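Visitor: Take a look at start_38.cif, mmCIF, C-alpha atoms and all ligand atoms; chains and numbers go by the auth columns:
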data_model
#
loop_
_atom_site.group_PDB
_atom_site.id
_atom_site.type_symbol
_atom_site.label_atom_id
_atom_site.label_comp_id
_atom_site.label_asym_id
_atom_site.label_seq_id
_atom_site.Cartn_x
_atom_site.Cartn_y
_atom_site.Cartn_z
_atom_site.B_iso_or_equiv
_atom_site.auth_seq_id
_atom_site.auth_asym_id
ATOM 1 C CA MET A 1 -33.933 17.910 -2.767 0.00 1 L
ATOM 2 C CA LYS A 2 -30.601 17.600 -4.580 0.00 2 L
ATOM 3 C CA ILE A 3 -27.795 15.420 -3.299 0.00 3 L
ATOM 4 C CA LEU A 4 -24.255 15.390 -4.677 0.00 4 L
ATOM 5 C CA PHE A 5 -22.269 12.147 -4.365 0.00 5 L
ATOM 6 C CA LEU A 6 -18.509 12.611 -4.699 0.00 6 L
ATOM 7 C CA ASN A 7 -16.009 9.784 -5.033 0.00 7 L
ATOM 8 C CA GLY A 8 -12.255 10.171 -4.697 0.00 8 L
ATOM 9 C CA PRO A 9 -9.212 8.422 -6.133 0.00 9 L
ATOM 10 C CA ASN A 10 -9.170 4.768 -7.176 0.00 10 L
ATOM 11 C CA LEU A 11 -12.889 4.293 -6.607 0.00 11 L
ATOM 12 C CA ASN A 12 -13.207 4.033 -10.406 0.00 12 L
ATOM 13 C CA LEU A 13 -11.422 0.678 -9.935 0.00 13 L
ATOM 14 C CA LEU A 14 -14.051 -0.816 -7.616 0.00 14 L
ATOM 15 C CA GLY A 15 -14.944 -4.357 -8.608 0.00 15 L
ATOM 16 C CA GLN A 16 -11.362 -5.235 -9.527 0.00 16 L
ATOM 17 C CA ARG A 17 -9.557 -3.351 -6.732 0.00 17 L
ATOM 18 C CA GLU A 18 -8.871 -5.450 -3.593 0.00 18 L
ATOM 19 C CA PRO A 19 -12.343 -7.087 -3.713 0.00 19 L
ATOM 20 C CA GLU A 20 -11.740 -8.732 -0.321 0.00 20 L
ATOM 21 C CA VAL A 21 -11.653 -5.205 1.178 0.00 21 L
ATOM 22 C CA TYR A 22 -14.016 -3.232 -1.072 0.00 22 L
ATOM 23 C CA GLY A 23 -16.363 -5.902 -2.460 0.00 23 L
ATOM 24 C CA LYS A 24 -17.149 -6.971 -6.002 0.00 24 L
ATOM 25 C CA MET A 25 -19.536 -4.211 -7.031 0.00 25 L
ATOM 26 C CA THR A 26 -18.297 -1.606 -9.491 0.00 26 L
ATOM 27 C CA LEU A 27 -18.881 2.100 -8.885 0.00 27 L
ATOM 28 C CA ALA A 28 -21.480 1.969 -11.683 0.00 28 L
ATOM 29 C CA ASP A 29 -23.310 -0.850 -9.817 0.00 29 L
ATOM 30 C CA ILE A 30 -23.299 1.257 -6.650 0.00 30 L
ATOM 31 C CA GLU A 31 -24.553 4.294 -8.572 0.00 31 L
ATOM 32 C CA THR A 32 -27.445 2.198 -9.952 0.00 32 L
ATOM 33 C CA ASP A 33 -28.469 1.179 -6.419 0.00 33 L
ATOM 34 C CA VAL A 34 -28.161 4.770 -5.172 0.00 34 L
ATOM 35 C CA ARG A 35 -30.357 6.009 -8.042 0.00 35 L
ATOM 36 C CA LYS A 36 -32.992 3.329 -7.290 0.00 36 L
ATOM 37 C CA LEU A 37 -33.219 4.396 -3.645 0.00 37 L
ATOM 38 C CA ALA A 38 -33.152 8.093 -4.632 0.00 38 L
ATOM 39 C CA LYS A 39 -36.180 7.476 -6.853 0.00 39 L
ATOM 40 C CA GLN A 40 -38.049 5.843 -3.960 0.00 40 L
ATOM 41 C CA LEU A 41 -37.134 8.746 -1.674 0.00 41 L
ATOM 42 C CA LYS A 42 -38.053 11.253 -4.402 0.00 42 L
ATOM 43 C CA VAL A 43 -34.718 13.065 -4.342 0.00 43 L
ATOM 44 C CA SER A 44 -32.363 13.850 -7.195 0.00 44 L
ATOM 45 C CA VAL A 45 -28.784 12.644 -7.249 0.00 45 L
ATOM 46 C CA ASP A 46 -25.633 13.692 -9.069 0.00 46 L
ATOM 47 C CA PHE A 47 -22.897 11.049 -8.883 0.00 47 L
ATOM 48 C CA ARG A 48 -19.238 11.868 -9.726 0.00 48 L
ATOM 49 C CA GLN A 49 -15.753 10.406 -9.357 0.00 49 L
ATOM 50 C CA SER A 50 -12.320 11.950 -9.767 0.00 50 L
ATOM 51 C CA ASN A 51 -8.760 10.908 -9.098 0.00 51 L
ATOM 52 C CA LEU A 52 -7.783 14.579 -8.840 0.00 52 L
ATOM 53 C CA GLU A 53 -7.904 16.478 -5.544 0.00 53 L
ATOM 54 C CA GLY A 54 -8.349 19.855 -7.284 0.00 54 L
ATOM 55 C CA GLU A 55 -11.307 18.617 -9.306 0.00 55 L
ATOM 56 C CA LEU A 56 -13.023 17.410 -6.119 0.00 56 L
ATOM 57 C CA VAL A 57 -12.316 20.797 -4.468 0.00 57 L
ATOM 58 C CA GLY A 58 -13.874 22.542 -7.488 0.00 58 L
ATOM 59 C CA TRP A 59 -16.987 20.356 -7.336 0.00 59 L
ATOM 60 C CA ILE A 60 -17.393 21.053 -3.602 0.00 60 L
ATOM 61 C CA GLN A 61 -17.068 24.821 -4.180 0.00 61 L
ATOM 62 C CA ASP A 62 -19.616 24.695 -7.015 0.00 62 L
ATOM 63 C CA ALA A 63 -22.107 22.781 -4.840 0.00 63 L
ATOM 64 C CA LYS A 64 -22.989 25.919 -2.859 0.00 64 L
ATOM 65 C CA GLY A 65 -26.488 27.012 -3.835 0.00 65 L
ATOM 66 C CA LYS A 66 -26.944 24.029 -6.162 0.00 66 L
ATOM 67 C CA PHE A 67 -27.070 21.023 -3.813 0.00 67 L
ATOM 68 C CA ASP A 68 -28.716 20.536 -0.424 0.00 68 L
ATOM 69 C CA VAL A 69 -26.331 17.894 0.899 0.00 69 L
ATOM 70 C CA ILE A 70 -23.024 16.321 -0.186 0.00 70 L
ATOM 71 C CA VAL A 71 -22.198 12.654 0.441 0.00 71 L
ATOM 72 C CA ILE A 72 -18.480 12.070 -0.017 0.00 72 L
ATOM 73 C CA ASN A 73 -16.227 9.040 -0.148 0.00 73 L
ATOM 74 C CA ALA A 74 -12.973 10.981 -0.342 0.00 74 L
ATOM 75 C CA ALA A 75 -11.011 7.681 -0.422 0.00 75 L
ATOM 76 C CA ALA A 76 -7.299 8.249 0.348 0.00 76 L
ATOM 77 C CA TYR A 77 -7.783 12.046 0.391 0.00 77 L
ATOM 78 C CA THR A 78 -9.820 11.517 3.573 0.00 78 L
ATOM 79 C CA HIS A 79 -6.565 10.988 5.393 0.00 79 L
ATOM 80 C CA THR A 80 -4.437 13.648 3.689 0.00 80 L
ATOM 81 C CA SER A 81 -6.423 16.528 2.260 0.00 81 L
ATOM 82 C CA ILE A 82 -6.602 19.820 4.138 0.00 82 L
ATOM 83 C CA ALA A 83 -7.852 21.287 0.839 0.00 83 L
ATOM 84 C CA LEU A 84 -10.973 19.090 0.828 0.00 84 L
ATOM 85 C CA ARG A 85 -11.596 19.846 4.495 0.00 85 L
ATOM 86 C CA ASP A 86 -11.280 23.602 3.899 0.00 86 L
ATOM 87 C CA ALA A 87 -13.597 23.442 0.872 0.00 87 L
ATOM 88 C CA ILE A 88 -16.278 21.599 2.874 0.00 88 L
ATOM 89 C CA ALA A 89 -15.929 24.091 5.745 0.00 89 L
ATOM 90 C CA ALA A 90 -16.013 27.052 3.354 0.00 90 L
ATOM 91 C CA ILE A 91 -19.271 26.329 1.541 0.00 91 L
ATOM 92 C CA GLY A 92 -21.485 25.372 4.479 0.00 92 L
ATOM 93 C CA VAL A 93 -23.366 22.642 2.576 0.00 93 L
ATOM 94 C CA PRO A 94 -24.053 19.776 5.044 0.00 94 L
ATOM 95 C CA THR A 95 -21.678 16.933 4.164 0.00 95 L
ATOM 96 C CA ILE A 96 -21.701 13.267 5.099 0.00 96 L
ATOM 97 C CA GLU A 97 -18.520 11.194 5.017 0.00 97 L
ATOM 98 C CA ILE A 98 -18.811 7.590 3.860 0.00 98 L
ATOM 99 C CA HIS A 99 -16.454 4.625 3.382 0.00 99 L
ATOM 100 C CA LEU A 100 -16.964 1.099 2.112 0.00 100 L
ATOM 101 C CA SER A 101 -14.476 -0.444 4.539 0.00 101 L
ATOM 102 C CA ASN A 102 -14.292 0.192 8.276 0.00 102 L
ATOM 103 C CA VAL A 103 -11.359 2.617 8.263 0.00 103 L
ATOM 104 C CA HIS A 104 -11.003 2.332 12.051 0.00 104 L
ATOM 105 C CA ALA A 105 -10.377 -1.421 11.838 0.00 105 L
ATOM 106 C CA ARG A 106 -7.593 -1.005 9.254 0.00 106 L
ATOM 107 C CA GLU A 107 -4.081 0.496 9.177 0.00 107 L
ATOM 108 C CA LYS A 108 -3.412 3.304 11.660 0.00 108 L
ATOM 109 C CA PHE A 109 -2.988 5.909 8.905 0.00 109 L
ATOM 110 C CA ARG A 110 -6.645 5.340 7.956 0.00 110 L
ATOM 111 C CA HIS A 111 -7.932 6.044 11.473 0.00 111 L
ATOM 112 C CA LYS A 112 -7.488 9.790 11.051 0.00 112 L
ATOM 113 C CA SER A 113 -9.977 11.616 8.849 0.00 113 L
ATOM 114 C CA LEU A 114 -9.141 15.243 8.129 0.00 114 L
ATOM 115 C CA ILE A 115 -12.671 15.851 6.831 0.00 115 L
ATOM 116 C CA ALA A 116 -14.590 14.266 9.754 0.00 116 L
ATOM 117 C CA PRO A 117 -14.569 17.432 11.927 0.00 117 L
ATOM 118 C CA VAL A 118 -16.320 19.441 9.195 0.00 118 L
ATOM 119 C CA CYS A 119 -18.831 16.698 8.275 0.00 119 L
ATOM 120 C CA CYS A 120 -22.190 15.993 9.949 0.00 120 L
ATOM 121 C CA GLY A 121 -21.148 12.402 10.561 0.00 121 L
ATOM 122 C CA GLN A 122 -19.319 9.366 9.239 0.00 122 L
ATOM 123 C CA ILE A 123 -20.650 6.063 7.864 0.00 123 L
ATOM 124 C CA THR A 124 -17.917 3.484 7.548 0.00 124 L
ATOM 125 C CA GLY A 125 -17.683 -0.270 7.091 0.00 125 L
ATOM 126 C CA PHE A 126 -20.953 -1.319 5.477 0.00 126 L
ATOM 127 C CA GLY A 127 -19.615 -2.001 2.002 0.00 127 L
ATOM 128 C CA ALA A 128 -21.745 -0.684 -0.854 0.00 128 L
ATOM 129 C CA LYS A 129 -24.551 -0.237 1.671 0.00 129 L
ATOM 130 C CA SER A 130 -22.599 2.714 3.141 0.00 130 L
ATOM 131 C CA TYR A 131 -23.730 4.651 0.044 0.00 131 L
ATOM 132 C CA LEU A 132 -27.402 3.856 0.688 0.00 132 L
ATOM 133 C CA LEU A 133 -27.040 4.719 4.371 0.00 133 L
ATOM 134 C CA GLY A 134 -25.313 7.934 3.267 0.00 134 L
ATOM 135 C CA LEU A 135 -28.251 8.795 1.034 0.00 135 L
ATOM 136 C CA GLN A 136 -30.726 8.114 3.833 0.00 136 L
ATOM 137 C CA ALA A 137 -28.632 10.244 6.213 0.00 137 L
ATOM 138 C CA ALA A 138 -28.513 13.051 3.636 0.00 138 L
ATOM 139 C CA VAL A 139 -32.311 13.107 3.407 0.00 139 L
ATOM 140 C CA ASP A 140 -32.613 13.029 7.223 0.00 140 L
ATOM 141 C CA VAL A 141 -30.092 15.865 7.628 0.00 141 L
ATOM 142 C CA LYS A 142 -31.974 18.033 5.154 0.00 142 L
ATOM 143 C CA VAL A 143 -35.366 17.264 6.730 0.00 143 L
ATOM 144 C CA ALA A 144 -33.974 18.035 10.229 0.00 144 L
ATOM 145 C CA LYS A 145 -32.668 21.420 8.988 0.00 145 L
ATOM 146 C CA LYS A 146 -36.022 22.510 7.575 0.00 146 L
HETATM 147 C C1 LIG B . -12.052 4.053 1.455 0.00 201 D
HETATM 148 C C2 LIG B . -11.071 3.897 2.614 0.00 201 D
HETATM 149 C C3 LIG B . -9.811 4.694 2.366 0.00 201 D
HETATM 150 O O1 LIG B . -8.897 4.517 3.440 0.00 201 D
HETATM 151 C C4 LIG B . -9.135 4.228 1.089 0.00 201 D
HETATM 152 O O2 LIG B . -8.008 5.031 0.806 0.00 201 D
HETATM 153 C C5 LIG B . -10.053 4.158 -0.073 0.00 201 D
HETATM 154 C C6 LIG B . -11.427 3.707 0.122 0.00 201 D
HETATM 155 C C7 LIG B . -13.311 3.165 1.631 0.00 201 D
HETATM 156 O O3 LIG B . -14.314 3.450 0.978 0.00 201 D
HETATM 157 O O4 LIG B . -13.264 2.184 2.374 0.00 201 D
HETATM 158 O O5 LIG B . -9.646 4.401 -1.216 0.00 201 D
HETATM 159 O O6 LIG B . -12.507 5.410 1.433 0.00 201 D
#
Output the file's structure in the form of structure tokens.

Guide:
Amino acid sequence: MKILFLNGPNLNLLGQREPEVYGKMTLADIETDVRKLAKQLKVSVDFRQSNLEGELVGWIQDAKGKFDVIVINAAAYTHTSIALRDAIAAIGVPTIEIHLSNVHAREKFRHKSLIAPVCCGQITGFGAKSYLLGLQAAVDVKVAKK
């Protein structure tokens, strides 16, 4: 089973970026934890980050036929990007939306996710653990579809 983790803008700054909101772990720390759990679950993981909407759209398009599930923290593009939503809807690869912070407990503009309606579900507010829960959900989604 192959799972693609995608990370949107500013997540490369984790660790130094508003640590009171996003925690002290860097994205590399989170990737290490994800890879450890992936090994235990015997699944393979590709882990990417981009600040560019178009690059994320390209990666989603390319995932068709190559990955079983996508786990995405689209960061600010969650709330703005029709292009990401359309890409997810277009390829038909089951996709799980994750966030470190609880977007529903924050500013109003973060309450709306444009990608949520085309995702299997949303995991939000568990800090770095949202990534591990996302991985577990990805495996469950794939197993349920078999
Ligand atoms: C975020 C929440 C978004 O609202 C924000 O723009 C981010 C990170 C999170 O993981 O909590 O960049 O996706």

Visitor: Between CA of Val45 (chain L) and atom O4 of ligand LIG 201 (chain D), measure the distance and give it in Å to one decimal.

Guide: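 Separation between CA of Val45 (chain L) and atom O4 of ligand LIG 201 (chain D): 21.0 Å.
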
Visitor: By how many Å are CA of Ala138 (chain L) and CA of Asp46 (chain L) apart?

Guide: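 These two atoms are separated by 13.0 Å.
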
Visitor: With all atoms listed in the file counted, collect every polymer residue having an atom within 10 Å of ligand LIG 201 (chain D); state the result as a PyMOL selection string.

Guide: chain L and resi 7-14+17+21-23+72-80+97-104+106-113+123-128+130-131

Visitor: Which residue out of L:Ala137, L:Ile30, L:Gln40, L:Phe5 has the minimum interatomic distance to Ile70 (chain L) when all atoms listed in the file are used?

Guide: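 Going through L:Ala137, L:Ile30, L:Gln40, L:Phe5 one by one, the smallest distance to Ile70 (chain L) is for L:Phe5.
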
Visitor: Set the distance at 10 Å and use only C-alpha atoms: which residues neighbour Lys142 (chain L) once local chain neighbours fewer than 5 positions away are removed? I'd like the list as number ranges by chain.

Guide: L: 1-3, 68-69, 94, 137

Visitor: Using C-alpha atoms, can you write the selected residues to a file as a PDB file, in the coordinates of the input?

Guide:
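Output file out25.pdb follows:
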ATOM      1  CA  MET L   1     -33.933  17.910  -2.767  1.00  0.00           C
ATOM      2  CA  LYS L   2     -30.601  17.600  -4.580  1.00  0.00           C
ATOM      3  CA  ILE L   3     -27.795  15.420  -3.299  1.00  0.00           C
ATOM      4  CA  ASP L  68     -28.716  20.536  -0.424  1.00  0.00           C
ATOM      5  CA  VAL L  69     -26.331  17.894   0.899  1.00  0.00           C
ATOM      6  CA  PRO L  94     -24.053  19.776   5.044  1.00  0.00           C
ATOM      7  CA  ALA L 137     -28.632  10.244   6.213  1.00  0.00           C
TER       8      ALA L 137
END

Visitor: Do you know which residues are at most 10 Å from Trp59 (chain L) counting all atoms listed in the file, after dropping those on the same chain fewer than 3 positions away, and could you put them as an MDAnalysis selection string?

Guide: chainID L and resid 4 6 48 50 54:56 62:64 87

Visitor: Measuring between only C-alpha atoms, which one of L:Pro117, L:Phe47, L:Gly92, L:Leu133 shows the shortest distance to Arg35 (chain L)?

Guide: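 Nearest candidate to Arg35 (chain L) out of L:Pro117, L:Phe47, L:Gly92, L:Leu133: L:Phe47.
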